[in-house]
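Here is the structure we will look at.
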Amino acid sequence: MLFTATPLEGAYVITLPAFPDDRGVFIKTFHETSFRETGISFNLKESYFSTSKKDVIRGMHFQMPPYQHSKIVFCPYGAILDVIVDLRKDSSTYGQYHAQELSLENHKAYYIPEGFAHGFKSLSEGAITYYLVSSEYSKEYDTGIRFDSFGFDWDAYLSGSKKERV
């Protein structure tokens, strides 16, 4: 696993190891030792996935304390534009966002620390977004911000006129 720090404090883009052969491809999505060696302590409590029609935007979601969680997010089928926003008021990157395409082809994932909002736009029909989460879902503490409330222009990013992604 190759961990690349994003401009947002504590968040990483992970290139997942892929092992292609004439049958297809095998991709490792989690390896505790690799996370620990990067300084990330991740305790898996729940996992789930969603499927989305093309151009659907889901987000920006997070859970409030005491059920806040960190996430590992990847796209095992299709492609998504995944966006995270740092909502930690004591963070040096508070209020900043980062966008990353996640897809089967690029076999990248996000490690998203506690205190971030997360959302994505499906770039392909039937895209699957898979989540590994460090706390269980709590309806009472689940919340979010609007997908258009933090200055990210979803369409401009995708058309190639990308704004600064910090």
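Residues are referred to by chain and number: the chain letter is A, B, ... according to the order shown in the structure tokens, the number counts from 1 in that chain, and ligands are numbered separately from 1 in the order shown.
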**Message:** So that I can check the secondary structure, give me every residue of chain A assigned strand (DSSP E or B) by backbone DSSP, as a ChimeraX atom specification.
**Reply:** /A:2-5,12-15,18-21,24-27,46-52,57-63,71-77,79-86,97-103,108-112,116-122,127-133,142-144
Within 12 Å of stretch 9-28 of chain A, which residues of stretch 35-77 of chain A show up? Give each one with its shortest atom-to-atom distance in Å (one decimal) and the two atoms involved, counting only C-alpha atoms, rows by chain then rising residue number, as JSON lines.
```
{"residue": "A:Phe35", "atom": "CA", "partner": "A:Ile14", "partner_atom": "CA", "distance": 10.0}
{"residue": "A:Thr38", "atom": "CA", "partner": "A:Tyr12", "partner_atom": "CA", "distance": 10.0}
{"residue": "A:Gly39", "atom": "CA", "partner": "A:Gly10", "partner_atom": "CA", "distance": 9.6}
{"residue": "A:Ile40", "atom": "CA", "partner": "A:Gly10", "partner_atom": "CA", "distance": 8.7}
{"residue": "A:Ser41", "atom": "CA", "partner": "A:Gly10", "partner_atom": "CA", "distance": 11.4}
{"residue": "A:Ser70", "atom": "CA", "partner": "A:Ala11", "partner_atom": "CA", "distance": 9.7}
{"residue": "A:Lys71", "atom": "CA", "partner": "A:Ala11", "partner_atom": "CA", "distance": 10.0}
{"residue": "A:Ile72", "atom": "CA", "partner": "A:Ile14", "partner_atom": "CA", "distance": 9.1}
{"residue": "A:Val73", "atom": "CA", "partner": "A:Ile14", "partner_atom": "CA", "distance": 9.6}
{"residue": "A:Phe74", "atom": "CA", "partner": "A:Leu16", "partner_atom": "CA", "distance": 9.2}
{"residue": "A:Cys75", "atom": "CA", "partner": "A:Leu16", "partner_atom": "CA", "distance": 11.0}
{"residue": "A:Pro76", "atom": "CA", "partner": "A:Ile27", "partner_atom": "CA", "distance": 8.9}
{"residue": "A:Tyr77", "atom": "CA", "partner": "A:Ile27", "partner_atom": "CA", "distance": 11.9}
```
**Request:** Please identify all polymer residues within 10 Å of A:Val133, counting only C-alpha atoms, omitting same-chain residues fewer than 4 positions from it, and present them as a count of residues only.
**Result:** 15
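Closest approach to A:Leu102 among A:Leu81, A:Ala156, A:Ile145, A:Leu8 is made by A:Leu81 (distances from only C-alpha atoms).
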**Message:** as JSON, numbers by chain, please: the residues near A:Pro65 (cut-off 12 Å, only C-alpha atoms, same-chain neighbours under 2 positions excluded).
**Reply:** {"A": [62, 63, 67, 68, 69, 70, 88, 114, 115, 135, 136, 137, 138, 140, 141, 142, 143]}
**Message:** Env of A:Gly78: 10 Å cut, atoms = only C-alpha atoms, seq-sep filter 3 positions within chain, self excluded. Answer as a PyMOL selection string.
**Reply:** chain A and resi 51-52+54+75+102-105+122-129
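Atom CA of A:Gly119 lies 14.5 Å from atom CA of A:Tyr157.
Here the question is which of A:Ala79, A:Ile57, A:Leu2, A:Ala99 gets nearest to A:Phe120 using only C-alpha atoms, and that residue is A:Ile57.
Among A:Asp90, A:Met1, A:Ser149, A:Ile84, the residue with the shortest atom-to-atom distance to A:His31, counting only C-alpha atoms, is A:Met1.
Distances to A:Trp154 were evaluated for A:Met64, A:Ile80, A:Ala109, A:Ala117 using only C-alpha atoms, and the minimum falls at A:Ile80.
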**Message:** For a test of reading the model, state the distance in Å between atom CA of A:Phe147 and atom CA of A:Thr29, rounded to one decimal.
**Reply:** 26.8 Å
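Ranking A:Ser50, A:Ser92, A:Thr33, A:Gln100 by their shortest atom-to-atom distance to A:Thr6, with only C-alpha atoms included, puts A:Gln100 first.
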**Asked** What is the distance between atom CA of A:Phe49 and atom CA of A:Glu37, in Å to one decimal?
**Response** 26.8 Å
